[in-house]
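Listing of input_20.txt; format and content: compact mmCIF, C-alpha atoms and all ligand atoms.
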# COMPACT_ATOMS: atom_id res chain seq x y z
CA MET A 1 45.05 -1.79 133.35
CA ILE A 2 47.88 -0.64 131.15
CA ASP A 3 47.05 0.03 127.48
CA ASP A 4 43.69 -1.73 127.91
CA LYS A 5 45.41 -4.86 129.10
CA LYS A 6 45.19 -6.48 132.50
CA VAL A 7 48.45 -6.60 134.40
CA LEU A 8 50.24 -9.84 135.21
CA PHE A 9 53.12 -9.82 137.69
CA SER A 10 55.49 -12.59 138.60
CA GLY A 11 58.68 -12.66 140.62
CA MET A 12 61.36 -15.30 140.48
CA GLN A 13 64.36 -16.07 142.59
CA ALA A 14 67.74 -16.36 140.95
CA THR A 15 68.77 -19.11 143.35
CA GLY A 16 69.09 -22.73 142.27
CA ASN A 17 69.02 -23.93 138.70
CA LEU A 18 65.80 -23.87 136.71
CA THR A 19 64.48 -27.32 135.86
CA LEU A 20 62.52 -28.86 133.05
CA GLY A 21 59.58 -28.62 135.46
CA ASN A 22 59.90 -24.82 135.64
CA TYR A 23 60.16 -24.70 131.86
CA LEU A 24 57.27 -26.98 130.88
CA GLY A 25 55.12 -26.01 133.86
CA ALA A 26 55.51 -22.25 133.61
CA LEU A 27 57.98 -20.48 131.33
CA LYS A 28 56.98 -22.13 128.06
CA ASN A 29 53.34 -21.21 128.68
CA TRP A 30 54.15 -17.60 129.44
CA VAL A 31 55.55 -16.89 126.01
CA ASN A 32 52.19 -15.91 124.54
CA LEU A 33 50.68 -14.24 127.60
CA ALA A 34 51.91 -10.84 126.47
CA ASP A 35 49.16 -10.83 123.82
CA GLU A 36 46.59 -10.73 126.56
CA TYR A 37 48.35 -9.19 129.55
CA GLN A 38 50.84 -6.48 130.30
CA CYS A 39 53.44 -8.79 131.83
CA PHE A 40 56.08 -7.91 134.42
CA TYR A 41 58.66 -10.57 135.28
CA CYS A 42 60.86 -9.42 138.11
CA VAL A 43 64.08 -11.09 139.24
CA VAL A 44 63.61 -10.69 142.99
CA ASP A 45 67.19 -10.23 144.15
CA GLU A 46 66.02 -8.42 147.30
CA HIS A 47 64.14 -11.53 148.36
CA SER A 48 67.22 -13.64 147.70
CA ILE A 49 69.29 -11.95 150.39
CA THR A 50 66.92 -13.16 153.12
CA VAL A 51 69.21 -16.18 152.89
CA ARG A 52 72.97 -15.56 152.81
CA GLN A 53 74.31 -15.38 149.23
CA ASP A 54 77.74 -15.30 147.70
CA PRO A 55 77.86 -11.90 145.93
CA ALA A 56 79.53 -13.02 142.70
CA THR A 57 77.21 -16.03 142.40
CA LEU A 58 74.09 -13.97 143.03
CA ARG A 59 75.10 -11.41 140.39
CA LYS A 60 75.86 -14.12 137.84
CA ARG A 61 72.67 -16.06 138.49
CA ALA A 62 70.53 -12.95 138.31
CA ARG A 63 71.91 -12.16 134.87
CA ASN A 64 71.63 -15.78 133.71
CA LEU A 65 68.02 -15.97 134.81
CA LEU A 66 67.11 -12.94 132.78
CA MET A 67 68.83 -14.41 129.72
CA LEU A 68 67.14 -17.78 130.25
CA TYR A 69 63.75 -16.09 130.18
CA ILE A 70 64.62 -14.45 126.91
CA ALA A 71 66.10 -17.68 125.54
CA ALA A 72 62.87 -19.47 126.48
CA GLY A 73 61.01 -17.11 124.17
CA ILE A 74 59.80 -14.34 126.46
CA ASP A 75 60.16 -11.28 124.28
CA PRO A 76 61.84 -8.47 126.24
CA GLU A 77 60.22 -5.85 124.02
CA LYS A 78 56.73 -7.04 124.88
CA ASN A 79 57.35 -8.14 128.47
CA CYS A 80 59.01 -6.14 131.19
CA LEU A 81 61.92 -8.22 132.52
CA TYR A 82 63.84 -6.40 135.23
CA TYR A 83 65.66 -6.57 138.58
CA GLN A 84 63.84 -5.71 141.78
CA SER A 85 66.91 -3.91 143.16
CA HIS A 86 66.89 -1.53 140.16
CA VAL A 87 63.49 -0.14 141.13
CA SER A 88 63.78 1.39 144.60
CA ALA A 89 59.99 1.72 144.90
CA HIS A 90 59.86 -1.99 145.89
CA ALA A 91 61.81 -1.41 149.10
CA GLU A 92 60.02 1.87 149.81
CA LEU A 93 56.54 0.44 149.50
CA ALA A 94 57.59 -2.63 151.48
CA TRP A 95 58.57 -0.36 154.37
CA ILE A 96 55.22 1.39 154.26
CA LEU A 97 53.30 -1.88 154.10
CA ASN A 98 55.31 -3.23 157.06
CA CYS A 99 53.44 -0.64 159.08
CA TYR A 100 50.10 -2.06 157.92
CA THR A 101 50.93 -5.70 158.58
CA TYR A 102 50.62 -7.44 161.92
CA MET A 103 53.22 -9.61 163.60
CA GLY A 104 50.51 -12.18 164.23
CA GLU A 105 49.74 -12.48 160.51
CA MET A 106 53.39 -12.97 159.60
CA ASN A 107 53.81 -15.51 162.38
CA ARG A 108 51.39 -17.78 160.60
CA MET A 109 53.37 -17.95 157.36
CA THR A 110 54.35 -21.54 156.79
CA GLN A 111 57.27 -20.69 154.49
CA PHE A 112 58.81 -18.57 157.25
CA LYS A 113 58.53 -21.49 159.64
CA ASP A 114 60.10 -23.87 157.12
CA LYS A 115 62.89 -21.49 156.19
CA SER A 116 63.73 -20.59 159.78
CA ALA A 117 64.02 -24.29 160.59
CA LYS A 118 66.37 -24.67 157.62
CA HIS A 119 68.46 -21.57 158.37
CA ALA A 120 68.39 -21.62 162.16
CA ASP A 121 71.62 -19.59 162.32
CA ASN A 122 70.20 -16.72 160.27
CA ILE A 123 66.59 -16.01 161.16
CA ASN A 124 66.68 -12.38 160.12
CA VAL A 125 63.99 -9.71 160.10
CA GLY A 126 63.99 -9.72 156.28
CA LEU A 127 63.07 -13.39 156.23
CA PHE A 128 60.16 -12.63 158.54
CA ALA A 129 59.01 -9.68 156.43
CA TYR A 130 59.55 -11.50 153.13
CA PRO A 131 55.81 -11.69 152.33
CA VAL A 132 55.44 -7.93 152.79
CA LEU A 133 58.09 -7.26 150.16
CA MET A 134 56.28 -9.68 147.90
CA ALA A 135 53.03 -7.80 148.54
CA ALA A 136 54.81 -4.58 147.61
CA ASP A 137 56.05 -6.15 144.34
CA ILE A 138 52.57 -7.11 143.30
CA LEU A 139 50.69 -4.04 144.51
CA LEU A 140 53.13 -1.54 143.00
CA PHE A 141 52.05 -2.67 139.54
CA GLN A 142 48.35 -2.82 140.37
CA ALA A 143 48.57 -6.43 139.19
CA ASP A 144 45.30 -8.13 138.32
CA VAL A 145 46.77 -11.60 138.20
CA VAL A 146 49.77 -13.41 139.65
CA PRO A 147 50.81 -16.87 138.46
CA VAL A 148 51.79 -18.66 141.65
CA GLY A 149 52.44 -22.20 142.67
CA LYS A 150 50.74 -23.78 145.64
CA ASP A 151 53.65 -22.88 147.89
CA GLN A 152 53.09 -19.15 147.27
CA MET A 153 49.31 -19.07 147.70
CA GLN A 154 49.54 -18.06 151.34
CA HIS A 155 51.70 -15.09 150.36
CA LEU A 156 49.24 -14.02 147.72
CA GLU A 157 46.43 -14.22 150.26
CA ILE A 158 48.28 -12.02 152.70
CA THR A 159 48.92 -9.59 149.84
CA ARG A 160 45.20 -9.37 149.28
CA ASP A 161 44.57 -8.86 153.01
CA ILE A 162 47.11 -6.07 153.23
CA ALA A 163 45.70 -4.39 150.10
CA GLU A 164 42.14 -4.60 151.38
CA ARG A 165 43.16 -3.22 154.75
CA PHE A 166 44.96 -0.32 153.12
CA ASN A 167 42.06 0.38 150.75
CA SER A 168 39.56 0.34 153.59
CA ILE A 169 41.48 3.13 155.31
CA TYR A 170 42.49 5.27 152.30
CA GLY A 171 40.05 4.47 149.51
CA ASP A 172 40.74 2.53 146.35
CA VAL A 173 44.50 2.64 146.10
CA PHE A 174 45.42 -0.94 145.21
CA THR A 175 44.00 -3.44 142.75
CA ILE A 176 43.24 -6.68 144.58
CA PRO A 177 45.25 -9.39 142.78
CA GLU A 178 43.90 -12.82 141.86
CA PRO A 179 45.89 -16.00 141.34
CA TYR A 180 46.43 -16.74 137.65
CA PHE A 181 45.43 -20.21 136.61
CA GLY A 182 45.18 -19.81 132.86
CA LYS A 183 46.09 -22.69 130.64
CA ALA A 184 47.61 -25.12 133.11
CA GLY A 185 51.20 -26.01 132.40
CA ALA A 186 52.30 -29.59 132.74
CA ARG A 187 53.04 -30.70 136.28
CA ILE A 188 56.36 -32.49 135.91
CA MET A 189 57.41 -34.93 138.61
CA SER A 190 60.84 -36.04 139.81
CA LEU A 191 62.40 -38.73 137.60
CA GLN A 192 63.49 -40.57 140.74
CA ASP A 193 60.28 -40.16 142.73
CA PRO A 194 57.34 -39.62 140.37
CA LEU A 195 54.99 -38.88 143.27
CA HIS A 196 56.87 -35.66 144.03
CA LYS A 197 57.24 -32.55 141.91
CA MET A 198 60.51 -32.00 140.06
CA SER A 199 62.25 -29.36 142.13
CA LYS A 200 65.29 -27.15 141.75
CA SER A 201 66.17 -27.83 145.39
CA ASP A 202 66.00 -31.63 145.11
CA GLU A 203 69.02 -33.20 146.79
CA ASN A 204 69.14 -36.00 144.24
CA PRO A 205 70.34 -34.39 140.98
CA ASN A 206 69.11 -37.42 139.00
CA GLY A 207 65.53 -36.52 139.84
CA SER A 208 65.65 -33.23 137.94
CA ILE A 209 66.62 -32.19 134.44
CA TYR A 210 68.26 -28.77 134.60
CA LEU A 211 67.82 -26.40 131.70
CA MET A 212 71.58 -26.26 131.17
CA ASP A 213 72.16 -30.05 131.30
CA ASP A 214 73.98 -31.37 128.22
CA LYS A 215 72.57 -34.11 126.04
CA ASP A 216 74.58 -36.95 127.65
CA THR A 217 73.40 -35.94 131.10
CA ILE A 218 69.80 -35.69 129.95
CA MET A 219 69.91 -39.13 128.32
CA ARG A 220 71.58 -40.67 131.37
CA LYS A 221 68.94 -39.22 133.72
CA PHE A 222 66.08 -40.47 131.56
CA LYS A 223 67.66 -43.92 131.29
CA ARG A 224 67.69 -44.09 135.09
CA ALA A 225 64.15 -42.75 135.49
CA VAL A 226 62.08 -44.76 137.96
CA THR A 227 59.25 -46.71 136.29
CA ASP A 228 57.43 -49.89 137.35
CA SER A 229 57.22 -53.58 136.53
CA GLU A 230 54.00 -53.54 134.48
CA ALA A 231 55.98 -53.49 131.23
CA CYS A 232 53.09 -51.80 129.43
CA ILE A 233 52.88 -48.17 128.35
CA ARG A 234 49.60 -46.72 129.59
CA TYR A 235 48.61 -43.32 130.91
CA SER A 236 47.31 -44.09 134.36
CA ASP A 237 47.59 -43.18 138.03
CA GLU A 238 48.91 -46.64 138.78
CA GLN A 239 51.97 -45.97 136.67
CA PRO A 240 53.14 -42.53 137.86
CA GLY A 241 56.65 -42.92 136.42
CA ILE A 242 55.41 -43.81 132.93
CA ARG A 243 52.72 -41.15 133.11
CA ASN A 244 55.34 -38.55 133.97
CA LEU A 245 57.46 -39.55 130.96
CA LEU A 246 54.38 -39.31 128.76
CA ASP A 247 53.51 -35.91 130.24
CA ILE A 248 56.99 -34.65 129.41
CA TYR A 249 56.69 -36.03 125.89
CA CYS A 250 53.27 -34.43 125.43
CA ALA A 251 54.35 -31.03 126.73
CA CYS A 252 57.42 -30.94 124.47
CA ASN A 253 55.53 -32.05 121.35
CA ASP A 254 52.13 -30.50 122.01
CA VAL A 255 50.31 -33.81 121.68
CA THR A 256 47.67 -35.42 123.90
CA PRO A 257 48.35 -38.40 126.20
CA ASP A 258 46.22 -40.60 123.92
CA GLU A 259 48.32 -39.71 120.90
CA ALA A 260 51.49 -40.33 122.87
CA VAL A 261 50.30 -43.73 124.09
CA LYS A 262 49.53 -44.66 120.45
CA THR A 263 53.00 -43.61 119.35
CA PHE A 264 54.53 -45.99 121.89
CA GLU A 265 52.11 -48.86 121.52
CA GLY A 266 53.84 -52.21 121.86
CA LYS A 267 57.18 -50.59 122.65
CA GLY A 268 59.32 -51.15 125.74
CA TYR A 269 60.15 -48.76 128.55
CA GLY A 270 63.71 -48.43 127.27
CA GLU A 271 62.51 -47.10 123.97
CA LEU A 272 60.11 -44.66 125.65
CA LYS A 273 62.87 -43.31 127.86
CA MET A 274 65.17 -42.80 124.88
CA ALA A 275 62.48 -41.05 122.85
CA VAL A 276 61.54 -38.72 125.70
CA GLY A 277 65.23 -38.05 126.36
CA GLU A 278 65.81 -37.15 122.70
CA THR A 279 62.80 -34.83 122.62
CA VAL A 280 63.88 -33.03 125.77
CA ALA A 281 67.49 -32.80 124.62
CA ASP A 282 66.33 -31.27 121.33
CA ARG A 283 64.29 -28.62 123.12
CA LEU A 284 66.92 -27.76 125.64
CA THR A 285 69.75 -27.69 123.12
CA GLY A 286 67.81 -25.04 121.21
CA LEU A 287 67.29 -23.04 124.36
CA GLN A 288 70.95 -23.40 125.34
CA THR A 289 72.17 -22.26 121.92
CA GLU A 290 70.05 -19.15 122.24
CA PHE A 291 71.30 -18.60 125.80
CA HIS A 292 74.93 -18.81 124.69
CA ARG A 293 74.22 -16.42 121.83
CA LEU A 294 72.71 -13.93 124.29
CA GLU A 295 75.72 -14.29 126.59
CA LYS A 296 77.78 -12.71 123.83
CA GLU A 297 75.26 -9.92 123.18
CA LYS A 298 76.33 -7.92 126.19
CA ALA A 299 75.21 -4.53 124.90
CA PHE A 300 71.81 -5.86 123.87
CA ILE A 301 71.16 -7.43 127.29
CA ASP A 302 72.45 -4.34 129.09
CA GLY A 303 70.06 -2.23 127.04
CA ILE A 304 67.14 -4.42 128.05
CA ILE A 305 68.12 -4.25 131.69
CA LYS A 306 68.29 -0.47 131.56
CA GLU A 307 65.15 0.16 129.54
CA ASN A 308 63.00 -2.29 131.43
CA ALA A 309 64.12 -0.96 134.81
CA GLU A 310 63.05 2.50 133.65
CA LYS A 311 59.74 1.20 132.39
CA ALA A 312 59.04 -0.74 135.59
CA GLY A 313 60.15 2.27 137.64
CA TYR A 314 57.68 4.50 135.85
CA PHE A 315 54.66 2.34 136.77
CA ALA A 316 55.93 1.51 140.25
CA ASN A 317 56.57 5.13 141.14
CA LYS A 318 53.10 6.15 140.07
CA THR A 319 51.65 3.83 142.70
CA LEU A 320 54.26 4.74 145.29
CA ARG A 321 53.57 8.49 144.95
CA LYS A 322 49.88 7.88 145.32
CA VAL A 323 50.42 5.84 148.47
CA GLN A 324 52.76 8.46 149.94
CA ARG A 325 50.19 11.17 149.34
CA LYS A 326 47.40 9.11 150.88
CA ILE A 327 49.25 8.42 154.09
CA GLY A 328 50.25 12.06 154.56
CA PHE A 329 53.90 12.30 153.54
CA PRO A 330 54.78 15.88 152.58
CA ASP A 331 54.38 16.81 148.92
CA ARG A 332 57.52 16.92 146.84
CA ILE A 333 58.50 20.41 145.76
CA ARG A 334 59.21 20.49 142.04
N1 LIG B 401 58.25 -15.66 146.62
C1 LIG B 401 58.22 -16.05 145.24
C2 LIG B 401 58.87 -17.42 145.09
O1 LIG B 401 59.78 -17.74 145.82
C3 LIG B 401 58.94 -15.06 144.37
C4 LIG B 401 58.24 -13.76 144.34
C5 LIG B 401 58.67 -12.58 144.88
C6 LIG B 401 57.01 -13.48 143.69
N2 LIG B 401 57.78 -11.59 144.61
C7 LIG B 401 56.75 -12.11 143.88
C8 LIG B 401 56.12 -14.29 142.96
C9 LIG B 401 55.60 -11.53 143.37
C10 LIG B 401 54.98 -13.70 142.45
C11 LIG B 401 54.71 -12.33 142.66
O2 LIG B 401 58.52 -18.15 144.21
Encoded form using structure tokens:
Amino acid sequence: MIDDKKVLFSGMQATGNLTLGNYLGALKNWVNLADEYQCFYCVVDEHSITVRQDPATLRKRARNLLMLYIAAGIDPEKNCLYYQSHVSAHAELAWILNCYTYMGEMNRMTQFKDKSAKHADNINVGLFAYPVLMAADILLFQADVVPVGKDQMQHLEITRDIAERFNSIYGDVFTIPEPYFGKAGARIMSLQDPLHKMSKSDENPNGSIYLMDDKDTIMRKFKRAVTDSEACIRYSDEQPGIRNLLDIYCACNDVTPDEAVKTFEGKGYGELKMAVGETVADRLTGLQTEFHRLEKEKAFIDGIIKENAEKAGYFANKTLRKVQRKIGFPDRIR
């Protein structure tokens, strides 16, 4: 609890380009969470280097990601947006937790198996210990809830296991985090393969709308969206492509599927695609304008980076000091 509010923690990688799926499924719904939770959104640059990165690109993307969050409406005064590498407590607690985590547990992590298959020439110790750093992120802030996708559930479970193990030895040190479900965001599917989620790592760029796509690109991708031959606009499992377009329309306009189906009654697929394209382009153009405005506000963004790192550091260090005392590290002399 901070200021009578539960704590919400989320980390995001600054690799790949955010998609409309990330925006409608997560970001857009996080804007109002600060009313209810003390929210920490951490750009996890230390996780990013488990895969080789180009330094200039990593730096640029990390800054862009922070600005995109702000452009999407996450208020940096009410939410703590910061870089993992600016708060050294993350790495320090991760080291400690490494000593309370078993090789056997880490060996079971499916993401490690997937990533080592993908990066066979760079299976480094950091990649193996990735979930421990993630546990440190979450536990440092005594987070009550963590919004995670299905692919990160296993990491959240191991975080809970590590925290429980630690607590059982040293008493109540860590809050045991729960997954955050909240108001479900829309689950947006690929425009080329509506049975699979829209993903920032999709090889086919036509399947995903990226947040920085211009209007022409957005319209072109929607025009090419995969549909079916029913030639009738309904919201049903049998028409996953049409349903996905309707879901996008609904999420952008805050209307229900029924209302959307009514709007398009008797219309053709071409018209639906154009309308959804226009709606998305409108949304994203607004976000992009704000992003470009922020790009010019260097001092403002720098101020946020500095202040929020200090704020995050304050809470993180409180937990770290407690942990260090519990495990028997010598007291600091002040
Ligand atoms: N591993 C997460 C991902 O790739 C990112 C992450 C790092 C994270 N630390 C976290 C997510 C803490 C939630 C909480 O998506």
Listed atoms of ligand LIG 401 (chain B), axis-aligned box, 8 Å per side: centre and edge lengths to one decimal in Å, as AutoDock Vina command-line options?
--center_x 57.2 --center_y -14.8 --center_z 144.5 --size_x 21.1 --size_y 22.6 --size_z 20.2
Could you tell me, counting all atoms listed in the file, which protein and nucleic acid residues lie no more than 10 Å from ligand LIG 401 (chain B), written as a VMD selection string? chain A and resid 8 to 15 40 to 48 84 90 111 130 to 139 143 145 to 153 155 to 156 159 177 179
Nearest to Phe141 (chain A) among A:His196, A:Lys318, A:Lys298, A:Lys273, with distances taken over only C-alpha atoms: which residue is it?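 Nearest candidate to Phe141 (chain A) out of A:His196, A:Lys318, A:Lys298, A:Lys273: A:Lys318.
Of the residues under consideration (A:His292, A:Lys223, A:Arg160, A:Arg187), A:Arg187 shows the shortest atom-to-atom contact distance to Asp247 (chain A) when counting only C-alpha atoms.
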8 Å contact set for Ala281 (chain A), all atoms listed in the file, chain neighbours under 6 positions out, as JSON, numbers by chain: {"A": [214, 215, 218, 219]}
List every protein, DNA or RNA residue with an atom no more than 12 Å from (68.5, -34.3, 123.4) in the file's coordinates, counting only C-alpha atoms, and format the result as a PyMOL selection string. chain A and resi 209+211-222+252+273-288
A:Val173, A:Ile301, A:Leu245, A:Ile162 ranked by distance to Thr101 (chain A), top pick (using only C-alpha atoms): A:Ile162
In the coordinate frame of the file, compute which residues have an atom within 9 Å of (57.5, -8.9, 127.4) when using all atoms listed in the file, and state them as a PDB file with C-alpha atoms, in the coordinates of the input.
ATOM      1  CA  VAL A  31      55.550 -16.890 126.010  1.00  0.00           C
ATOM      2  CA  LEU A  33      50.680 -14.240 127.600  1.00  0.00           C
ATOM      3  CA  ALA A  34      51.910 -10.840 126.470  1.00  0.00           C
ATOM      4  CA  GLN A  38      50.840  -6.480 130.300  1.00  0.00           C
ATOM      5  CA  CYS A  39      53.440  -8.790 131.830  1.00  0.00           C
ATOM      6  CA  PHE A  40      56.080  -7.910 134.420  1.00  0.00           C
ATOM      7  CA  TYR A  41      58.660 -10.570 135.280  1.00  0.00           C
ATOM      8  CA  ILE A  74      59.800 -14.340 126.460  1.00  0.00           C
ATOM      9  CA  ASP A  75      60.160 -11.280 124.280  1.00  0.00           C
ATOM     10  CA  PRO A  76      61.840  -8.470 126.240  1.00  0.00           C
ATOM     11  CA  GLU A  77      60.220  -5.850 124.020  1.00  0.00           C
ATOM     12  CA  LYS A  78      56.730  -7.040 124.880  1.00  0.00           C
ATOM     13  CA  ASN A  79      57.350  -8.140 128.470  1.00  0.00           C
ATOM     14  CA  CYS A  80      59.010  -6.140 131.190  1.00  0.00           C
ATOM     15  CA  LEU A  81      61.920  -8.220 132.520  1.00  0.00           C
TER      16      LEU A  81
END
Using all atoms listed in the file, can you tell me which of A:Tyr180, A:Tyr100, A:Tyr23, A:Tyr249 comes closest to Ile158 (chain A)?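 The shortest atom-to-atom distance to Ile158 (chain A) comes from A:Tyr100.
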Just to confirm, what's the straight-line distance from CA of Gln239 (chain A) to CA of Ala260 (chain A) in Å (one decimal)?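 Between CA of Gln239 (chain A) and CA of Ala260 (chain A) the gap is 14.9 Å.
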Separation of CA of Ala89 (chain A) from CA of Thr50 (chain A) in Å: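 Pair CA of Thr50 (chain A) / CA of Ala89 (chain A) returns 18.4 Å.
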